[in-house]
>>> print(open('coords17.cif').read())   # mmCIF, C-alpha atoms
data_data
#
loop_
_atom_site.group_PDB
_atom_site.id
_atom_site.type_symbol
_atom_site.label_atom_id
_atom_site.label_comp_id
_atom_site.auth_asym_id
_atom_site.auth_seq_id
_atom_site.Cartn_x
_atom_site.Cartn_y
_atom_site.Cartn_z
ATOM 1 C CA MET N 18 64.516 84.935 72.272
ATOM 2 C CA THR N 19 62.264 87.511 70.578
ATOM 3 C CA THR N 20 64.133 89.913 68.336
ATOM 4 C CA THR N 21 63.438 93.635 68.080
ATOM 5 C CA GLU N 22 61.990 93.039 64.606
ATOM 6 C CA ASP N 23 59.514 90.483 65.974
ATOM 7 C CA ARG N 24 58.483 92.732 68.833
ATOM 8 C CA LEU N 25 57.968 95.571 66.380
ATOM 9 C CA ARG N 26 55.874 93.419 64.029
ATOM 10 C CA GLU N 27 53.669 92.176 66.856
ATOM 11 C CA ALA N 28 53.193 95.612 68.414
ATOM 12 C CA THR N 29 52.316 97.359 65.134
ATOM 13 C CA ARG N 30 49.883 94.591 64.170
ATOM 14 C CA ALA N 31 48.245 94.762 67.565
ATOM 15 C CA ALA N 32 47.838 98.540 67.191
ATOM 16 C CA ALA N 33 46.431 98.099 63.675
ATOM 17 C CA GLY N 34 44.040 95.437 64.991
ATOM 18 C CA THR N 35 42.242 98.101 67.028
ATOM 19 C CA VAL N 36 40.685 99.330 63.762
ATOM 20 C CA ALA N 37 37.928 96.930 62.735
ATOM 21 C CA GLN N 38 37.299 96.035 59.113
ATOM 22 C CA GLY N 39 34.524 98.176 57.616
ATOM 23 C CA SER N 40 34.753 100.809 60.339
ATOM 24 C CA ALA N 41 36.002 103.667 58.156
ATOM 25 C CA PRO N 42 33.805 106.780 58.288
ATOM 26 C CA PRO N 43 32.182 107.913 55.018
ATOM 27 C CA LEU N 44 34.398 109.837 52.624
ATOM 28 C CA ALA N 45 33.611 113.549 52.257
ATOM 29 C CA LEU N 46 35.133 114.765 49.013
ATOM 30 C CA PRO N 47 35.259 118.478 48.165
ATOM 31 C CA ASP N 48 33.088 119.934 45.359
ATOM 32 C CA PRO N 49 34.045 118.727 41.879
ATOM 33 C CA PRO N 50 36.848 120.671 40.226
ATOM 34 C CA ARG N 51 35.546 123.309 37.759
ATOM 35 C CA ARG N 52 35.333 122.125 34.189
ATOM 36 C CA ALA N 53 37.908 123.765 31.956
ATOM 37 C CA THR N 54 36.361 126.322 29.563
ATOM 38 C CA GLY N 55 39.238 126.318 27.091
ATOM 39 C CA ARG N 56 40.138 129.877 27.987
ATOM 40 C CA ARG N 57 43.460 130.580 29.563
ATOM 41 C CA PRO N 58 43.245 131.737 33.133
ATOM 42 C CA ALA N 59 43.525 135.492 33.553
ATOM 43 C CA ALA N 60 47.048 136.694 34.190
ATOM 44 C CA PRO N 61 47.612 138.298 37.564
ATOM 45 C CA ARG N 62 46.984 142.030 37.336
ATOM 46 C CA ARG N 63 50.423 143.379 38.001
ATOM 47 C CA TRP N 64 49.378 146.874 36.920
ATOM 48 C CA ALA N 65 46.632 147.113 39.512
ATOM 49 C CA GLY N 66 49.102 148.202 42.190
ATOM 50 C CA TRP N 67 50.411 151.303 40.425
ATOM 51 C CA LEU N 68 47.425 152.205 38.216
ATOM 52 C CA THR N 69 45.449 153.942 40.967
ATOM 53 C CA PRO N 70 48.127 156.475 41.987
ATOM 54 C CA LEU N 71 48.967 157.076 38.303
ATOM 55 C CA ALA N 72 45.324 157.794 37.512
ATOM 56 C CA ALA N 73 45.114 160.169 40.486
ATOM 57 C CA ALA N 74 48.255 162.013 39.338
ATOM 58 C CA ALA N 75 46.908 162.239 35.771
ATOM 59 C CA SER N 76 43.645 163.695 37.106
ATOM 60 C CA VAL N 77 45.520 166.377 39.048
ATOM 61 C CA VAL N 78 47.606 167.259 35.953
ATOM 62 C CA ALA N 79 44.442 167.437 33.813
ATOM 63 C CA VAL N 80 42.686 169.732 36.301
ATOM 64 C CA VAL N 81 45.719 172.046 36.542
ATOM 65 C CA ALA N 82 46.185 172.121 32.760
ATOM 66 C CA GLY N 83 42.477 172.773 32.261
ATOM 67 C CA SER N 84 42.542 175.630 34.783
ATOM 68 C CA LEU N 85 45.535 177.227 33.101
ATOM 69 C CA ALA N 86 43.992 176.887 29.671
ATOM 70 C CA ALA N 87 40.698 178.335 30.883
ATOM 71 C CA GLY N 88 42.556 181.208 32.551
ATOM 72 C CA GLN N 89 44.439 181.978 29.357
ATOM 73 C CA LEU N 90 41.247 181.834 27.316
ATOM 74 C CA LEU N 91 39.452 184.201 29.715
ATOM 75 C CA SER N 92 42.324 186.637 29.879
ATOM 76 C CA GLY N 93 42.620 186.539 26.068
ATOM 77 C CA ALA N 94 38.941 187.351 25.774
ATOM 78 C CA ALA N 95 39.321 190.180 28.270
ATOM 79 C CA HIS N 96 42.237 191.680 26.289
ATOM 80 C CA GLN N 97 40.166 191.474 23.166
ATOM 81 C CA ARG N 98 37.254 193.243 24.909
ATOM 82 C CA GLY N 99 39.642 195.843 26.355
ATOM 83 C CA GLY N 100 41.199 196.456 22.912
ATOM 84 C CA SER N 101 37.889 197.100 21.207
ATOM 85 C CA HIS N 102 36.659 199.625 23.851
ATOM 86 C CA PRO N 103 39.542 201.986 24.771
ATOM 87 C CA GLY N 104 39.337 203.355 28.300
ATOM 88 C CA ALA N 105 37.068 200.626 29.483
ATOM 89 C CA GLY N 106 39.626 198.391 31.289
ATOM 90 C CA THR N 107 38.475 195.584 33.483
ATOM 91 C CA PRO N 108 37.461 196.848 36.927
ATOM 92 C CA SER N 109 39.624 194.285 38.684
ATOM 93 C CA ALA N 110 42.718 195.101 36.610
ATOM 94 C CA ALA N 111 42.327 198.760 37.540
ATOM 95 C CA ALA N 112 41.565 198.121 41.209
ATOM 96 C CA VAL N 113 44.396 195.738 42.132
ATOM 97 C CA PRO N 114 47.363 198.197 41.887
ATOM 98 C CA MET N 115 45.340 200.874 43.631
ATOM 99 C CA ALA N 116 44.570 198.623 46.618
ATOM 100 C CA ILE N 117 48.279 198.135 47.516
ATOM 101 C CA PRO N 118 49.429 200.803 49.997
ATOM 102 C CA MET M 10 51.147 91.867 55.577
ATOM 103 C CA ASP M 11 48.352 94.362 55.306
ATOM 104 C CA THR M 12 46.928 93.816 51.851
ATOM 105 C CA ASP M 13 44.471 96.677 52.272
ATOM 106 C CA THR M 14 47.081 99.133 51.110
ATOM 107 C CA GLN M 15 48.135 97.265 47.981
ATOM 108 C CA PRO M 16 47.179 98.674 44.532
ATOM 109 C CA ALA M 17 44.004 97.167 43.126
ATOM 110 C CA ALA M 18 40.624 98.244 41.848
ATOM 111 C CA PRO M 19 41.081 101.348 39.644
ATOM 112 C CA ASP M 20 42.782 99.571 36.724
ATOM 113 C CA ALA M 21 39.509 97.945 35.782
ATOM 114 C CA LEU M 22 37.602 101.238 35.723
ATOM 115 C CA ASP M 23 37.579 104.085 33.274
ATOM 116 C CA TRP M 24 39.808 105.637 35.874
ATOM 117 C CA ARG M 25 40.326 109.107 34.501
ATOM 118 C CA GLY M 26 36.727 109.664 33.485
ATOM 119 C CA ASP M 27 34.927 109.827 36.811
ATOM 120 C CA ALA M 28 37.318 110.963 39.525
ATOM 121 C CA ARG M 29 34.687 111.045 42.263
ATOM 122 C CA ARG M 30 33.536 107.488 41.639
ATOM 123 C CA THR M 31 37.061 106.105 41.299
ATOM 124 C CA VAL M 32 38.390 107.869 44.395
ATOM 125 C CA THR M 33 35.352 106.675 46.341
ATOM 126 C CA SER M 34 35.957 103.089 45.237
ATOM 127 C CA LEU M 35 39.617 103.444 46.227
ATOM 128 C CA TYR M 36 38.467 104.690 49.621
ATOM 129 C CA GLU M 37 36.196 101.709 50.095
ATOM 130 C CA ALA M 38 39.067 99.357 49.249
ATOM 131 C CA HIS M 39 41.910 101.032 51.151
ATOM 132 C CA ALA M 40 40.589 103.358 53.851
ATOM 133 C CA VAL M 41 40.719 100.842 56.699
ATOM 134 C CA GLY M 42 44.276 99.781 55.815
ATOM 135 C CA LEU M 43 45.403 103.404 55.712
ATOM 136 C CA ILE M 44 43.602 104.260 58.965
ATOM 137 C CA ARG M 45 45.408 101.307 60.548
ATOM 138 C CA LEU M 46 48.687 102.716 59.262
ATOM 139 C CA GLY M 47 47.747 106.074 60.805
ATOM 140 C CA VAL M 48 46.893 104.450 64.129
ATOM 141 C CA VAL M 49 50.254 102.655 64.170
ATOM 142 C CA MET M 50 51.993 105.985 63.491
ATOM 143 C CA LEU M 51 49.894 108.216 65.758
ATOM 144 C CA GLY M 52 48.099 106.051 68.319
ATOM 145 C CA ASP M 53 45.017 108.165 67.799
ATOM 146 C CA ARG M 54 42.093 106.845 65.766
ATOM 147 C CA ALA M 55 40.442 110.235 65.184
ATOM 148 C CA ALA M 56 43.700 111.842 64.061
ATOM 149 C CA ALA M 57 44.401 108.863 61.782
ATOM 150 C CA GLU M 58 40.950 109.194 60.182
ATOM 151 C CA ASP M 59 41.558 112.913 59.576
ATOM 152 C CA VAL M 60 44.904 112.215 57.928
ATOM 153 C CA VAL M 61 43.373 109.539 55.675
ATOM 154 C CA GLN M 62 40.418 111.758 54.746
ATOM 155 C CA GLU M 63 42.814 114.563 53.782
ATOM 156 C CA ALA M 64 44.939 112.141 51.743
ATOM 157 C CA PHE M 65 41.900 111.065 49.674
ATOM 158 C CA CYS M 66 40.779 114.687 49.212
ATOM 159 C CA GLY M 67 44.302 115.497 48.013
ATOM 160 C CA LEU M 68 44.172 112.591 45.560
ATOM 161 C CA TYR M 69 40.800 113.788 44.263
ATOM 162 C CA ARG M 70 42.068 117.348 43.754
ATOM 163 C CA ARG M 71 45.160 116.123 41.873
ATOM 164 C CA TRP M 72 43.379 113.330 40.046
ATOM 165 C CA LYS M 73 43.926 114.672 36.526
ATOM 166 C CA HIS M 74 47.673 114.944 37.216
ATOM 167 C CA LEU M 75 47.961 111.257 38.140
ATOM 168 C CA SER M 76 49.947 109.519 35.407
ATOM 169 C CA SER M 77 48.434 106.072 35.987
ATOM 170 C CA PRO M 78 45.910 104.454 38.326
ATOM 171 C CA GLY M 79 48.659 102.245 39.722
ATOM 172 C CA HIS M 80 50.198 105.337 41.326
ATOM 173 C CA ALA M 81 47.076 106.125 43.353
ATOM 174 C CA VAL M 82 47.790 103.834 46.301
ATOM 175 C CA PRO M 83 51.502 104.713 46.605
ATOM 176 C CA TYR M 84 50.417 108.372 46.460
ATOM 177 C CA LEU M 85 47.892 107.786 49.251
ATOM 178 C CA ARG M 86 50.438 105.924 51.355
ATOM 179 C CA SER M 87 52.955 108.772 51.005
ATOM 180 C CA SER M 88 50.234 111.302 51.810
ATOM 181 C CA VAL M 89 49.277 109.429 54.953
ATOM 182 C CA MET M 90 52.922 109.200 56.059
ATOM 183 C CA ASN M 91 53.392 112.933 55.452
ATOM 184 C CA GLY M 92 50.127 113.717 57.234
ATOM 185 C CA CYS M 93 51.168 111.615 60.235
ATOM 186 C CA ARG M 94 54.538 113.368 60.358
ATOM 187 C CA SER M 95 52.808 116.770 60.395
ATOM 188 C CA ALA M 96 50.306 115.611 63.017
ATOM 189 C CA LEU M 97 53.108 114.354 65.275
ATOM 190 C CA ARG M 98 54.980 117.656 64.909
ATOM 191 C CA ARG M 99 51.849 119.626 65.780
ATOM 192 C CA ARG M 100 51.293 117.378 68.768
ATOM 193 C CA ASN M 101 54.894 117.774 69.943
ATOM 194 C CA ARG M 102 54.674 121.560 69.524
ATOM 195 C CA SER M 103 51.524 121.696 71.594
ATOM 196 C CA ALA M 104 53.228 119.502 74.222
ATOM 197 C CA GLY M 105 55.791 122.298 74.486
ATOM 198 C CA ARG M 106 58.760 120.250 73.248
ATOM 199 C CA ARG M 107 59.240 118.819 76.712
ATOM 200 C CA PRO M 108 61.732 115.943 76.898
ATOM 201 C CA GLY M 109 59.759 112.716 76.912
ATOM 202 C CA ALA M 110 56.640 114.360 75.494
ATOM 203 C CA GLU M 111 56.490 111.644 72.838
ATOM 204 C CA LEU M 112 56.520 109.027 75.563
ATOM 205 C CA GLU M 113 53.637 110.701 77.392
ATOM 206 C CA THR M 114 51.767 110.920 74.099
ATOM 207 C CA ALA M 115 52.328 107.223 73.490
ATOM 208 C CA GLU M 116 51.238 106.277 76.975
ATOM 209 C CA SER M 117 48.087 108.348 76.692
ATOM 210 C CA ALA M 118 47.376 107.271 73.107
ATOM 211 C CA GLU M 119 43.725 106.369 73.108
ATOM 212 C CA SER M 120 44.019 103.626 70.516
ATOM 213 C CA TRP M 121 46.875 101.922 72.310
ATOM 214 C CA ALA M 122 45.242 101.891 75.724
ATOM 215 C CA VAL M 123 43.736 98.475 75.040
ATOM 216 C CA LEU M 124 47.110 96.959 74.161
ATOM 217 C CA GLY M 125 49.367 95.065 76.537
ATOM 218 C CA GLU M 126 52.300 96.778 78.224
ATOM 219 C CA GLU M 127 54.862 95.059 75.993
ATOM 220 C CA HIS M 128 53.236 96.410 72.819
ATOM 221 C CA ARG M 129 52.786 99.885 74.295
ATOM 222 C CA ASP M 130 56.483 99.991 75.243
ATOM 223 C CA VAL M 131 57.492 99.136 71.684
ATOM 224 C CA LEU M 132 55.107 101.713 70.185
ATOM 225 C CA ALA M 133 56.265 104.374 72.655
ATOM 226 C CA ALA M 134 59.886 103.672 71.713
ATOM 227 C CA LEU M 135 58.907 103.872 68.043
ATOM 228 C CA LEU M 136 57.440 107.349 68.621
ATOM 229 C CA ARG M 137 60.718 108.521 70.135
ATOM 230 C CA LEU M 138 62.663 107.776 66.951
ATOM 231 C CA PRO M 139 63.350 110.504 64.382
ATOM 232 C CA ASP M 140 60.618 110.808 61.707
ATOM 233 C CA ARG M 141 62.548 109.071 58.922
ATOM 234 C CA GLN M 142 63.602 106.137 61.086
ATOM 235 C CA ARG M 143 60.089 105.624 62.439
ATOM 236 C CA GLU M 144 58.582 105.707 58.949
ATOM 237 C CA ALA M 145 61.155 103.289 57.549
ATOM 238 C CA LEU M 146 60.447 100.790 60.325
ATOM 239 C CA VAL M 147 56.669 101.018 59.967
ATOM 240 C CA LEU M 148 56.805 100.588 56.203
ATOM 241 C CA ARG M 149 59.239 97.701 56.490
ATOM 242 C CA TYR M 150 57.934 95.771 59.502
ATOM 243 C CA TYR M 151 54.255 96.675 59.560
ATOM 244 C CA LEU M 152 53.391 97.021 55.864
ATOM 245 C CA GLU M 153 56.273 94.696 54.884
ATOM 246 C CA LEU M 154 57.023 96.732 51.797
ATOM 247 C CA ALA M 155 60.031 96.012 49.626
ATOM 248 C CA GLU M 156 62.954 98.437 49.737
ATOM 249 C CA ALA M 157 61.978 99.939 46.382
ATOM 250 C CA GLU M 158 58.417 100.599 47.592
ATOM 251 C CA ILE M 159 59.689 102.161 50.818
ATOM 252 C CA ALA M 160 62.059 104.307 48.769
ATOM 253 C CA GLU M 161 59.134 105.510 46.636
ATOM 254 C CA ALA M 162 56.928 106.191 49.647
ATOM 255 C CA MET M 163 59.645 108.139 51.456
ATOM 256 C CA GLY M 164 61.189 109.803 48.409
ATOM 257 C CA ILE M 165 64.684 108.467 49.124
ATOM 258 C CA SER M 166 67.022 105.969 47.440
ATOM 259 C CA ALA M 167 66.891 102.232 48.108
ATOM 260 C CA GLY M 168 70.379 102.399 49.626
ATOM 261 C CA THR M 169 69.245 105.071 52.068
ATOM 262 C CA VAL M 170 66.252 102.907 53.000
ATOM 263 C CA LYS M 171 68.594 100.069 53.925
ATOM 264 C CA SER M 172 70.882 102.199 56.093
ATOM 265 C CA THR M 173 67.986 104.117 57.693
ATOM 266 C CA THR M 174 66.167 100.895 58.566
ATOM 267 C CA SER M 175 69.298 99.380 60.042
ATOM 268 C CA ARG M 176 70.033 102.464 62.169
ATOM 269 C CA ALA M 177 66.398 102.696 63.233
ATOM 270 C CA LEU M 178 66.291 99.089 64.355
ATOM 271 C CA ALA M 179 69.459 99.532 66.402
ATOM 272 C CA ALA M 180 68.073 102.720 67.981
ATOM 273 C CA LEU M 181 64.779 101.019 68.774
ATOM 274 C CA GLY M 182 66.628 98.124 70.418
ATOM 275 C CA ARG M 183 68.586 100.581 72.576
ATOM 276 C CA LEU M 184 65.432 102.450 73.616
ATOM 277 C CA LEU M 185 63.736 99.185 74.556
ATOM 278 C CA GLU M 186 66.774 98.167 76.612
ATOM 279 C CA GLU M 187 66.704 101.528 78.405
ATOM 280 C CA SER M 188 63.031 101.196 79.234
ATOM 281 C CA ARG M 189 63.510 97.821 80.973
#
>>> encode(input="coords17.cif", output="structure tokens")
Amino acid sequence: MTTTEDRLREATRAAAGTVAQGSAPPLALPDPPRRATGRRPAAPRRWAGWLTPLAAAASVVAVVAGSLAAGQLLSGAAHQRGGSHPGAGTPSAAAVPMAIP
Amino acid sequence: MDTDTQPAAPDALDWRGDARRTVTSLYEAHAVGLIRLGVVMLGDRAAAEDVVQEAFCGLYRRWKHLSSPGHAVPYLRSSVMNGCRSALRRRNRSAGRRPGAELETAESAESWAVLGEEHRDVLAALLRLPDRQREALVLRYYLELAEAEIAEAMGISAGTVKSTTSRALAALGRLLEESR
């Protein structure tokens, strides 16, 4: 009587026998791995995610601060001009209160 | 025993120096044996060739991590077994997990069509076993590997190989009885 082991051996060998010797297709290897340059690979840029919004916020702060500083400088210069010529106030400074009903 | 999958050639070469040449020479020596293993596992020559090709590409990519040339063939054998397992799962998924889908696959297996009914019944029953049991039986009764080699190929202990093989053989016997 044929055992299960024998039947298994015969069946697997018969299946394997369907592949003829020397019938393997040519091997297609991928491109050669890059040669190491001795440098450590670059660390992942963890800061890249939050740097853009931070830079945008810093730009807004710089613009606002610059505007305020410029405003103060201009108004300082206007006070100085007003102080040196009494009675010659800036036209806008004189006009604004008068325009309100 | 299929000697095509036994370790050989690379020991004589400057094995770490020229990965492409060494892997190619390993392919020339072992490809047919590994394709045969794939055909036994899958019943599909084209799928078996794909699995073997991928196994050699994987070996080539990991070549510098190989601790010794003697590990190349066991690595390839494990890769082919893993590749066959994945291919069978993909095939079963695409068959819609229908009951008996493995049996239909076995009956329609192109490479097994030329075999007699007796052999096809055994191979169909083999396909219906769980992955681990099928692999243990193929490594033991087709490749005739020792328990330690099977343990290495499957990544399990020698004791587990023994019990898995025993359970698998009993399950195969039952399936063959049922199919009579």
>>> interface_residues(input="coords17.cif", of="chain M", to="chain N", cutoff="8 Å", atoms="all atoms listed in the file", output="number ranges by chain")
M: 29, 33, 36, 40-41, 44-46, 48-49, 52, 54, 58, 62, 65-66, 69-70, 120-121, 124, 127-129, 131-132, 147, 150-151, 178, 181-182
>>> atom_distance(input="coords17.cif", atom1="atom CA of Ala72 of chain N", atom2="atom CA of Leu91 of chain N")
28.2 Å
>>> atom_distance(input="coords17.cif", atom1="atom CA of Ala162 of chain M", atom2="atom CA of Ala179 of chain M")
22.0 Å
>>> closest_residue(input="coords17.cif", among="M:Ala177, M:Met163, M:Ala157, M:Leu51", to="Pro139 of chain M", atoms="all atoms listed in the file")
M:Ala177
>>> atom_distance(input="coords17.cif", atom1="atom CA of Ala167 of chain M", atom2="atom CA of Asn91 of chain M")
18.7 Å
>>> residues_around(input="coords17.cif", residues="Thr169 of chain M", least_positions_apart="5", cutoff="12 Å", atoms="all atoms listed in the file", output="tab-separated table (two decimals) with C-alpha atoms, in the coordinates of the input")
chain	number	residue	atom	x	y	z
M	141	ARG	CA	62.55	109.07	58.92
M	142	GLN	CA	63.60	106.14	61.09
M	145	ALA	CA	61.16	103.29	57.55
M	156	GLU	CA	62.95	98.44	49.74
M	157	ALA	CA	61.98	99.94	46.38
M	159	ILE	CA	59.69	102.16	50.82
M	160	ALA	CA	62.06	104.31	48.77
M	161	GLU	CA	59.13	105.51	46.64
M	163	MET	CA	59.64	108.14	51.46
M	164	GLY	CA	61.19	109.80	48.41
M	174	THR	CA	66.17	100.90	58.57
M	175	SER	CA	69.30	99.38	60.04
M	176	ARG	CA	70.03	102.46	62.17
M	177	ALA	CA	66.40	102.70	63.23
>>> residues_near_point(input="coords17.cif", point="(47.9, 112.3, 57.3)", cutoff="12 Å", atoms="all atoms listed in the file", output="count of residues only")
39
